[in-house]
Every structure is written in C-alpha cells, then in structure tokens.
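A.B. asks: My structure is stored as structure10.pdb, with PDB, C-alpha atoms.
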```pdb
ATOM      1  CA  MET A 224      17.968 -28.456 -22.634
ATOM      2  CA  LYS A 225      14.613 -27.232 -23.958
ATOM      3  CA  GLN A 226      12.051 -25.456 -21.765
ATOM      4  CA  GLN A 227       9.873 -28.581 -21.656
ATOM      5  CA  GLU A 228      12.824 -30.633 -20.406
ATOM      6  CA  LYS A 229      13.716 -28.025 -17.792
ATOM      7  CA  VAL A 230      10.160 -28.035 -16.432
ATOM      8  CA  PHE A 231      10.125 -31.831 -16.215
ATOM      9  CA  PHE A 232      13.490 -31.902 -14.417
ATOM     10  CA  LEU A 233      12.452 -29.226 -11.907
ATOM     11  CA  ILE A 234       9.155 -30.972 -11.135
ATOM     12  CA  LYS A 235      10.928 -34.289 -10.555
ATOM     13  CA  GLU A 236      13.433 -32.649  -8.201
ATOM     14  CA  LEU A 237      10.713 -30.936  -6.170
ATOM     15  CA  ILE A 238       8.747 -34.171  -5.926
ATOM     16  CA  LYS A 239      11.830 -35.900  -4.515
ATOM     17  CA  GLU A 240      12.004 -33.336  -1.692
ATOM     18  CA  ASP A 241       8.695 -34.303  -0.083
ATOM     19  CA  ASP A 242       7.316 -37.782   0.606
ATOM     20  CA  ARG A 243       3.802 -36.389   0.289
ATOM     21  CA  TYR A 244       4.359 -36.110  -3.457
ATOM     22  CA  ILE A 245       5.174 -39.791  -3.948
ATOM     23  CA  GLY A 246       3.007 -41.029  -6.782
ATOM     24  CA  LEU A 247       2.098 -37.522  -7.942
ATOM     25  CA  GLU A 248       1.124 -37.734 -11.583
ATOM     26  CA  ILE A 249       2.932 -35.352 -13.927
ATOM     27  CA  PRO A 250       0.576 -34.138 -16.684
ATOM     28  CA  ASP A 251       1.441 -34.555 -20.354
ATOM     29  CA  SER A 252       0.547 -31.007 -21.356
ATOM     30  CA  TYR A 253       3.371 -28.467 -21.190
ATOM     31  CA  ILE A 254       0.995 -25.750 -19.958
ATOM     32  CA  GLU A 255      -0.292 -28.007 -17.184
ATOM     33  CA  ARG A 256       3.269 -28.925 -16.267
ATOM     34  CA  THR A 257       4.221 -25.257 -15.926
ATOM     35  CA  ARG A 258       1.241 -24.769 -13.591
ATOM     36  CA  LEU A 259       2.292 -27.781 -11.551
ATOM     37  CA  LEU A 260       5.849 -26.466 -11.326
ATOM     38  CA  ARG A 261       4.630 -23.060 -10.176
ATOM     39  CA  SER A 262       2.361 -24.724  -7.620
ATOM     40  CA  LEU A 263       5.209 -26.817  -6.221
ATOM     41  CA  MET A 264       7.430 -23.745  -6.010
ATOM     42  CA  ASN A 265       4.646 -21.743  -4.332
ATOM     43  CA  VAL A 266       4.185 -24.256  -1.526
ATOM     44  CA  ARG A 267       7.864 -25.110  -1.074
ATOM     45  CA  MET A 268       9.327 -24.111   2.280
ATOM     46  CA  PRO A 269      12.708 -22.334   2.364
ATOM     47  CA  GLY A 270      15.657 -24.683   2.118
ATOM     48  CA  GLU A 271      18.749 -25.679   0.220
ATOM     49  CA  VAL A 272      18.693 -27.176  -3.259
ATOM     50  CA  SER A 273      21.406 -28.395  -5.575
ATOM     51  CA  GLU A 274      23.413 -26.041  -7.759
ATOM     52  CA  LYS A 275      22.036 -27.903 -10.776
ATOM     53  CA  PHE A 276      18.459 -27.197  -9.700
ATOM     54  CA  LEU A 277      19.188 -23.491  -9.302
ATOM     55  CA  ARG A 278      20.993 -23.300 -12.628
ATOM     56  CA  ILE A 279      18.170 -24.957 -14.543
ATOM     57  CA  GLN A 280      15.500 -23.009 -12.661
ATOM     58  CA  ASN A 281      17.301 -19.757 -13.478
ATOM     59  CA  GLU A 282      17.616 -20.693 -17.141
ATOM     60  CA  TYR A 283      13.927 -21.594 -17.284
ATOM     61  CA  LEU A 284      12.754 -18.380 -15.574
ATOM     62  CA  ASN A 285      15.079 -16.175 -17.622
ATOM     63  CA  GLU A 286      13.663 -17.680 -20.793
ATOM     64  CA  GLN A 287      10.144 -17.003 -19.501
ATOM     65  CA  VAL A 288      11.067 -13.350 -18.978
ATOM     66  CA  LYS A 289      12.262 -13.121 -22.566
ATOM     67  CA  GLU A 290       9.044 -14.713 -23.792
ATOM     68  CA  LYS A 291       6.900 -12.231 -21.848
ATOM     69  CA  GLY A 292       9.064  -9.337 -23.019
ATOM     70  CA  ILE A 293      11.163  -6.989 -20.910
ATOM     71  CA  VAL A 294       9.860  -3.438 -20.501
ATOM     72  CA  ARG A 295      12.488  -0.738 -19.975
ATOM     73  CA  ILE A 296      12.202   2.771 -18.598
ATOM     74  CA  THR A 297      12.685   4.148 -22.099
ATOM     75  CA  ASP A 298       9.568   2.237 -23.189
ATOM     76  CA  ILE A 299       7.379   4.090 -20.668
ATOM     77  CA  GLN A 300       6.215   7.669 -21.057
ATOM     78  CA  SER A 301       6.473  10.122 -18.202
ATOM     79  CA  LEU A 302       3.398  12.137 -17.233
ATOM     80  CA  GLU A 303       5.091  15.132 -18.829
ATOM     81  CA  GLU A 304       5.055  13.287 -22.155
ATOM     82  CA  GLU A 305       1.582  11.847 -21.666
ATOM     83  CA  PHE A 306      -0.148  14.882 -20.143
ATOM     84  CA  PRO A 307       1.974  17.908 -21.108
ATOM     85  CA  LYS A 308      -0.718  20.380 -19.979
ATOM     86  CA  ALA A 309      -1.232  18.789 -16.552
ATOM     87  CA  SER A 310       0.008  20.754 -13.551
ATOM     88  CA  ILE A 311       0.979  17.770 -11.399
ATOM     89  CA  PRO A 312       4.400  18.355  -9.782
ATOM     90  CA  PHE A 313       7.400  16.278 -10.887
ATOM     91  CA  LYS A 314       5.545  15.040 -13.958
ATOM     92  CA  ASP A 315       8.893  14.380 -15.624
ATOM     93  CA  LYS A 316       9.671  11.834 -12.887
ATOM     94  CA  ILE A 317       6.325  10.022 -12.646
ATOM     95  CA  SER A 318       4.743   7.456 -14.971
ATOM     96  CA  ILE A 319       1.648   5.275 -15.159
ATOM     97  CA  TRP A 320       2.075   1.885 -16.783
ATOM     98  CA  GLN A 321      -0.458  -0.925 -17.117
ATOM     99  CA  GLY A 322       0.808  -4.473 -17.275
ATOM    100  CA  ASP A 323       2.724  -7.249 -15.563
ATOM    101  CA  ILE A 324       5.110  -5.733 -13.018
ATOM    102  CA  THR A 325       7.445  -8.737 -13.344
ATOM    103  CA  ARG A 326       8.382  -7.516 -16.843
ATOM    104  CA  LEU A 327       9.798  -4.182 -15.680
ATOM    105  CA  GLN A 328      13.540  -3.610 -15.905
ATOM    106  CA  VAL A 329      13.889  -1.014 -13.159
ATOM    107  CA  ASP A 330      16.067  -0.725 -10.093
ATOM    108  CA  ALA A 331      13.254  -2.009  -7.859
ATOM    109  CA  ILE A 332       9.653  -3.140  -7.964
ATOM    110  CA  VAL A 333       7.416  -3.029  -4.907
ATOM    111  CA  ASN A 334       5.775  -6.193  -3.614
ATOM    112  CA  ALA A 335       2.597  -6.110  -1.542
ATOM    113  CA  ALA A 336       3.655  -8.731   0.994
ATOM    114  CA  ASN A 337       1.905 -10.421   3.901
ATOM    115  CA  SER A 338       3.093 -10.215   7.507
ATOM    116  CA  GLN A 339       5.088 -13.478   7.219
ATOM    117  CA  MET A 340       6.874 -11.891   4.235
ATOM    118  CA  LEU A 341       7.659 -15.280   2.703
ATOM    119  CA  GLY A 342       5.486 -14.959  -0.372
ATOM    120  CA  CYS A 343       2.095 -16.467  -1.123
ATOM    121  CA  PHE A 344       1.818 -20.195  -0.396
ATOM    122  CA  THR A 345      -1.466 -20.659  -2.303
ATOM    123  CA  PRO A 346      -0.676 -22.524  -5.546
ATOM    124  CA  CYS A 347      -0.928 -20.253  -8.606
ATOM    125  CA  HIS A 348      -2.806 -17.589  -6.662
ATOM    126  CA  GLY A 349      -3.535 -14.393  -8.576
ATOM    127  CA  CYS A 350      -1.980 -11.975  -6.065
ATOM    128  CA  ILE A 351       1.079  -9.906  -6.903
ATOM    129  CA  ASP A 352       3.039 -11.538  -4.067
ATOM    130  CA  ASN A 353       2.627 -14.901  -5.778
ATOM    131  CA  ALA A 354       3.490 -13.498  -9.201
ATOM    132  CA  ILE A 355       6.688 -11.844  -8.008
ATOM    133  CA  HIS A 356       7.961 -14.841  -6.038
ATOM    134  CA  SER A 357       7.101 -17.214  -8.902
ATOM    135  CA  ALA A 358       9.029 -15.120 -11.424
ATOM    136  CA  ALA A 359      11.985 -14.475  -9.111
ATOM    137  CA  GLY A 360      12.543 -18.107  -8.151
ATOM    138  CA  ILE A 361      12.916 -19.948  -4.878
ATOM    139  CA  GLN A 362      15.909 -17.833  -3.839
ATOM    140  CA  LEU A 363      13.607 -14.919  -3.054
ATOM    141  CA  ARG A 364      11.709 -16.874  -0.399
ATOM    142  CA  ASP A 365      15.017 -18.076   1.034
ATOM    143  CA  GLU A 366      16.319 -14.505   1.393
ATOM    144  CA  CYS A 367      13.035 -13.340   2.919
ATOM    145  CA  TYR A 368      13.197 -16.231   5.364
ATOM    146  CA  SER A 369      16.715 -15.231   6.435
ATOM    147  CA  ILE A 370      15.576 -11.651   7.008
ATOM    148  CA  MET A 371      12.525 -12.700   9.011
ATOM    149  CA  LYS A 372      14.428 -15.296  11.054
ATOM    150  CA  LYS A 373      16.943 -12.637  12.054
ATOM    151  CA  GLN A 374      14.132 -10.181  12.831
ATOM    152  CA  GLY A 375      12.334 -12.694  15.036
ATOM    153  CA  HIS A 376       8.785 -11.451  14.529
ATOM    154  CA  GLU A 377       6.245 -10.848  11.793
ATOM    155  CA  GLU A 378       6.547  -7.759   9.647
ATOM    156  CA  LYS A 379       4.590  -4.733  10.790
ATOM    157  CA  THR A 380       2.336  -2.768   8.477
ATOM    158  CA  GLY A 381       3.922   0.194   6.722
ATOM    159  CA  ILE A 382       7.565  -0.947   6.903
ATOM    160  CA  ALA A 383       9.787  -1.740   3.894
ATOM    161  CA  LYS A 384      12.437  -4.407   3.362
ATOM    162  CA  ILE A 385      14.662  -4.812   0.299
ATOM    163  CA  THR A 386      15.919  -8.018  -1.342
ATOM    164  CA  LYS A 387      17.576  -8.992  -4.591
ATOM    165  CA  GLY A 388      15.438  -9.460  -7.685
ATOM    166  CA  TYR A 389      17.031 -12.773  -8.715
ATOM    167  CA  ASN A 390      15.431 -13.881 -12.003
ATOM    168  CA  LEU A 391      13.274 -10.776 -12.364
ATOM    169  CA  PRO A 392      14.438  -8.061 -14.787
ATOM    170  CA  CYS A 393      14.609  -5.634 -11.827
ATOM    171  CA  ARG A 394      17.657  -5.508  -9.558
ATOM    172  CA  HIS A 395      15.688  -5.439  -6.314
ATOM    173  CA  VAL A 396      12.314  -6.108  -4.757
ATOM    174  CA  ILE A 397      11.079  -3.821  -1.991
ATOM    175  CA  HIS A 398       8.529  -5.603   0.201
ATOM    176  CA  THR A 399       5.894  -3.826   2.277
ATOM    177  CA  VAL A 400       2.848  -5.022   4.211
ATOM    178  CA  GLY A 401      -0.162  -2.864   3.490
ATOM    179  CA  PRO A 402      -3.145  -2.234   5.766
ATOM    180  CA  ILE A 403      -6.138  -4.585   5.670
ATOM    181  CA  VAL A 404      -9.490  -2.815   5.404
ATOM    182  CA  GLY A 405     -12.378  -4.446   7.238
ATOM    183  CA  SER A 406     -15.830  -2.959   7.636
ATOM    184  CA  LYS A 407     -14.772   0.645   6.977
ATOM    185  CA  LEU A 408     -11.840   2.821   6.002
ATOM    186  CA  THR A 409     -10.295   4.785   8.872
ATOM    187  CA  ARG A 410      -7.709   7.548   9.150
ATOM    188  CA  GLU A 411      -5.394   5.058  10.817
ATOM    189  CA  LEU A 412      -5.557   2.797   7.763
ATOM    190  CA  GLU A 413      -4.947   5.741   5.441
ATOM    191  CA  ASP A 414      -1.892   6.723   7.483
ATOM    192  CA  ALA A 415      -0.632   3.120   7.319
ATOM    193  CA  LEU A 416      -0.850   3.109   3.524
ATOM    194  CA  HIS A 417       0.951   6.450   3.403
ATOM    195  CA  SER A 418       3.669   4.858   5.539
ATOM    196  CA  CYS A 419       4.014   1.991   3.047
ATOM    197  CA  TYR A 420       4.765   4.340   0.155
ATOM    198  CA  LYS A 421       7.021   6.609   2.213
ATOM    199  CA  SER A 422       8.966   3.656   3.669
ATOM    200  CA  CYS A 423       9.478   2.119   0.228
ATOM    201  CA  LEU A 424      10.802   5.396  -1.163
ATOM    202  CA  GLY A 425      13.065   5.842   1.843
ATOM    203  CA  CYS A 426      14.349   2.304   1.444
ATOM    204  CA  ALA A 427      14.967   3.009  -2.245
ATOM    205  CA  VAL A 428      17.072   6.086  -1.542
ATOM    206  CA  GLN A 429      19.051   4.290   1.181
ATOM    207  CA  ASN A 430      19.948   1.513  -1.275
ATOM    208  CA  GLY A 431      20.751   3.575  -4.355
ATOM    209  CA  VAL A 432      17.507   2.712  -6.133
ATOM    210  CA  ARG A 433      16.762   5.486  -8.613
ATOM    211  CA  THR A 434      13.908   3.909 -10.577
ATOM    212  CA  ILE A 435      11.052   2.259  -8.679
ATOM    213  CA  ALA A 436       7.736   0.733  -9.732
ATOM    214  CA  PHE A 437       4.856   0.603  -7.249
ATOM    215  CA  CYS A 438       2.033  -1.888  -7.405
ATOM    216  CA  CYS A 439      -1.387  -0.814  -6.100
ATOM    217  CA  ILE A 440      -0.647  -1.672  -2.464
ATOM    218  CA  SER A 441      -3.553  -3.106  -0.421
ATOM    219  CA  THR A 442      -6.209  -2.657  -3.133
ATOM    220  CA  GLY A 443      -6.533  -6.354  -3.933
ATOM    221  CA  GLU A 444      -6.795  -8.970  -1.207
ATOM    222  CA  PHE A 445      -6.599  -6.259   1.483
ATOM    223  CA  HIS A 446      -9.659  -4.351   0.153
ATOM    224  CA  PHE A 447      -8.383  -0.781   0.332
ATOM    225  CA  PRO A 448     -10.652   1.444  -1.828
ATOM    226  CA  ASN A 449      -8.914   1.919  -5.177
ATOM    227  CA  GLU A 450      -9.429   5.643  -5.669
ATOM    228  CA  LYS A 451      -8.421   6.609  -2.139
ATOM    229  CA  ALA A 452      -5.369   4.367  -2.394
ATOM    230  CA  ALA A 453      -4.316   6.101  -5.614
ATOM    231  CA  GLU A 454      -4.788   9.537  -4.035
ATOM    232  CA  ILE A 455      -2.549   8.541  -1.118
ATOM    233  CA  ALA A 456       0.057   7.023  -3.439
ATOM    234  CA  ILE A 457       0.327  10.095  -5.658
ATOM    235  CA  LYS A 458       0.328  12.542  -2.756
ATOM    236  CA  THR A 459       3.002  10.600  -0.861
ATOM    237  CA  VAL A 460       5.274  10.342  -3.891
ATOM    238  CA  ILE A 461       4.987  14.080  -4.594
ATOM    239  CA  GLN A 462       5.715  14.921  -0.947
ATOM    240  CA  PHE A 463       8.768  12.648  -0.986
ATOM    241  CA  LEU A 464      10.112  14.117  -4.224
ATOM    242  CA  GLU A 465       9.826  17.613  -2.796
ATOM    243  CA  GLU A 466      12.694  16.723  -0.446
ATOM    244  CA  ASN A 467      14.471  14.038  -2.500
ATOM    245  CA  GLU A 468      14.066  15.105  -6.120
ATOM    246  CA  SER A 469      17.733  14.563  -6.992
ATOM    247  CA  LYS A 470      17.769  11.030  -5.559
ATOM    248  CA  ILE A 471      14.972   9.516  -7.663
ATOM    249  CA  ASP A 472      14.887   9.434 -11.467
ATOM    250  CA  ARG A 473      11.504   7.793 -12.045
ATOM    251  CA  VAL A 474       8.538   6.532 -10.049
ATOM    252  CA  ILE A 475       6.188   4.236 -11.952
ATOM    253  CA  PHE A 476       2.661   3.562 -10.787
ATOM    254  CA  ASN A 477       2.158   0.065 -12.125
ATOM    255  CA  VAL A 478      -1.491  -0.872 -12.520
ATOM    256  CA  PHE A 479      -2.936  -4.165 -13.668
ATOM    257  CA  LYS A 480      -6.688  -3.576 -13.659
ATOM    258  CA  ASP A 481      -8.439  -1.209 -16.076
ATOM    259  CA  LEU A 482     -10.150   0.435 -13.098
ATOM    260  CA  ASP A 483      -6.839   1.464 -11.523
ATOM    261  CA  TYR A 484      -5.488   2.624 -14.880
ATOM    262  CA  LYS A 485      -8.452   4.983 -15.319
ATOM    263  CA  ILE A 486      -8.173   6.255 -11.732
ATOM    264  CA  TYR A 487      -4.466   7.057 -11.947
ATOM    265  CA  ARG A 488      -4.790   8.720 -15.351
ATOM    266  CA  LYS A 489      -7.669  10.889 -14.172
ATOM    267  CA  LEU A 490      -5.990  11.929 -10.934
ATOM    268  CA  SER A 491      -2.754  12.746 -12.766
ATOM    269  CA  SER A 492      -4.305  14.673 -15.632
ATOM    270  CA  ASP A 493      -6.707  16.630 -13.377
ATOM    271  CA  TYR A 494      -4.148  17.445 -10.684
TER     272      TYR A 494
END
```
In structure tokens, write the structure found in this file.

C.D. replies:
Amino acid sequence: MKQQEKVFFLIKELIKEDDRYIGLEIPDSYIERTRLLRSLMNVRMPGEVSEKFLRIQNEYLNEQVKEKGIVRITDIQSLEEEFPKASIPFKDKISIWQGDITRLQVDAIVNAANSQMLGCFTPCHGCIDNAIHSAAGIQLRDECYSIMKKQGHEEKTGIAKITKGYNLPCRHVIHTVGPIVGSKLTRELEDALHSCYKSCLGCAVQNGVRTIAFCCISTGEFHFPNEKAAEIAIKTVIQFLEENESKIDRVIFNVFKDLDYKIYRKLSSDY
C-alpha cells in the first residue's frame, strides 16, 4: 500500500469513529489529506482501534520518519568538538542541535506537555507537544491517558513522566509541564523550570536512559524568557552531571528557533 493509500484509509477509519464527521469532504491533494489526517489524530480522544488501523498508521508514520531523515548521536557534535577552547564542564557530554526533535534517535526526547498531559488537541498546532504526539501516533495519547487516569489528577509543574516513543526514532518520551509566565518572571517560576530539567534527568537515570534531548521547555506558548530559560537549563544539567556523570552519555539541547540556537551557543562558548 502506497503512502497516499494509507492516508486515505486512515482518514476513512477516523471518520467512521465519530458521527460529527459524516459528510466530511476528503480533499484531493495528498498534502491536504496529510493535514486532515493529522488534524483528526490531534482531536481524537483516547480509545481502542483495530489492529489493521495501528499497523497501517505505524507503517505510514515510519515512512514519514525515513522521509524526514533520522539523526543519530554520531551525527551531532559535542561541545568539546564544537568549542574545544570553552571551559564549560562536561563539554564532552553536552550538545546543541537545531532541528526537528522528532528526528532524533536517542534514548529519550523531552516533551513540553500541558497539565492534562494528553497532547495538544488543536489541529496541526505548531507546539512541540503536537509535533511529538503526531509523529508518535495515537498510542502515545492512549498511554498518557492510562497514566493520568491512574494518577487521578492533573500533572503538576516540574514533574516528569516517561512513556514509550512508539513511531518516533527515540525509545522514550519524557513529559514535563513547564511553568507559565504571566506579567513577570519570578524566582518561583525559575525554580519550577529548574525542577523540570532536574526531574527529567532523574527520570532518565531511573529508566536507563543514557542519551536525552531537551526541547526549550516553557519558552514557546508558556512565555518563559528564552535566555533565562537557557541559563537554567545549562546550569541544571551541569549540576546533575556533577553527581551522575557515569549515568548519562549525552545531553542534547534541541533548539528549533534561530534565537535559541544563538543563545545556547553563546552561553556554552562563553561559559
């Protein structure tokens, strides 16, 4: 079955699940169909599907990963290689990489989740939560739902939970809810962001994760100032490695925006 046929099948199956989609027109364009499929997956509530649906979804998403290109640890320079004269501690274990975090073949990537921890329900939204759930497949929302149902309350800020990676190149996803900045940045919010990074690293060690890629937690929809967030991220990672150096092989600061790339490079090279 070709990718176009897989997309059509998956859309038809998702339409069948909900009477609200009766009469929904499926576009002719393949690109528009992929957007419709992602939208339907984004808004879909947790629930069972057929084995055939999962098989075809997995085949479709795995092919998408191949098309985007998988990035391995060996493809990414450490700070020691990039800034050999920098004095930043553990520069052989830290990297900065700009790009799509869903391409990284590491033990775990970090997802900036919301307090429901079920992924982003806004169709094709540009947040990292949406990107990760869309690339992983509907199983990720189902596992998150099981975790949250058992927990019985919304996720608190600064905590970390681990799930499988499903159709992502990574083995796991570590989810954390970052602080939301309102009118001004406070010490309490800074401490909460520190807790996010520390909790994720602790969760990684507890689950045998030796290579981890962090997104820029809270700097997008949650409005944490980019430079201060990067300072906290780097400082927290260094502090953690001081006590757990043998348990972590590589920490990647994954950045998407040029602004964050410049900030992390400057902070690392000037350390």

A.B. asks: Which residues are close to A:Gln462, i.e. within 10 Å by only C-alpha atoms, leaving aside same-chain residues fewer than 6 positions away? Reply as a list in words.

C.D. replies: Pro312, Lys421 and Glu468 of chain A

A.B. asks: Only C-alpha atoms, please: the residues just picked out, written as a CSV table (one decimal), in the frame of the given file.

C.D. replies:
```csv
chain,number,residue,atom,x,y,z
A,312,PRO,CA,4.4,18.4,-9.8
A,421,LYS,CA,7.0,6.6,2.2
A,468,GLU,CA,14.1,15.1,-6.1
```

A.B. asks: Measuring between all atoms listed in the file, which one of A:Lys379, A:His356, A:Lys470, A:Lys451 shows the shortest distance to A:Gly431?

C.D. replies: A:Lys470

A.B. asks: List, as number ranges by chain, every residue that the PyMOL selection byres ((chain A and resi 353) around 12) selects in the file provided.

C.D. replies: A: 261-262, 264-266, 324-325, 334-337, 340-352, 354-361, 363-364

A.B. asks: Just to confirm, what's the straight-line distance from atom CA of A:Ile279 to atom CA of A:Val329 in Å (one decimal)?

C.D. replies: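 These atoms are spaced 24.4 Å apart.
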
A.B. asks: Can you list what the PyMOL selection byres ((chain A and resi 423) around 8) grabs from this structure, as a list of chain:residue names?

C.D. replies: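 The output of the PyMOL selection byres ((chain A and resi 423) around 8) on this file is A:Val333, A:Ile382, A:Ala383, A:Lys384, A:Ile397, A:His398, A:Thr399, A:Cys419, A:Tyr420, A:Lys421, A:Ser422, A:Leu424, A:Gly425, A:Cys426, A:Ala427.
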
A.B. asks: What lies within 10 Å of A:Tyr494 using only C-alpha atoms, ignoring chain neighbours under 3 positions off, as a PDB file with C-alpha atoms, in the frame of the given file?

C.D. replies:
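Below is the file that was written, out_6.pdb:
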```pdb
ATOM      1  CA  ALA A 309      -1.232  18.789 -16.552  1.00  0.00           C
ATOM      2  CA  SER A 310       0.008  20.754 -13.551  1.00  0.00           C
ATOM      3  CA  ILE A 311       0.979  17.770 -11.399  1.00  0.00           C
ATOM      4  CA  PRO A 312       4.400  18.355  -9.782  1.00  0.00           C
ATOM      5  CA  ILE A 457       0.327  10.095  -5.658  1.00  0.00           C
ATOM      6  CA  ARG A 488      -4.790   8.720 -15.351  1.00  0.00           C
ATOM      7  CA  LYS A 489      -7.669  10.889 -14.172  1.00  0.00           C
ATOM      8  CA  LEU A 490      -5.990  11.929 -10.934  1.00  0.00           C
ATOM      9  CA  SER A 491      -2.754  12.746 -12.766  1.00  0.00           C
TER      10      SER A 491
END
```

A.B. asks: Which one of A:Gln429, A:Ser252, A:Thr434, A:Ser469 sits closest to A:Ser318 if you count all atoms listed in the file?

C.D. replies: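 Of A:Gln429, A:Ser252, A:Thr434, A:Ser469, the one nearest A:Ser318, counting all atoms listed in the file, is A:Thr434.
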
A.B. asks: Using the file's own x, y and z axes, what box holds all listed atoms of stretch 363-377 of chain A with 8 Å on each side, keeping edges along x, y and z, and what are its centre and edge lengths in Å to one decimal, as lines of an AutoDock Vina configuration file?

C.D. replies:
```
center_x = 11.6
center_y = -14.1
center_z = 6.0
size_x = 26.7
size_y = 23.9
size_z = 34.1
```

A.B. asks: Could you check how far atom CA of A:Glu286 sits from atom CA of A:Glu236, in Å to one decimal?

C.D. replies: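 These two atoms are separated by 19.6 Å.
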
A.B. asks: So how many Å separate atom CA of A:Val460 and atom CA of A:Gly388, to one decimal?

C.D. replies: 22.6 Å
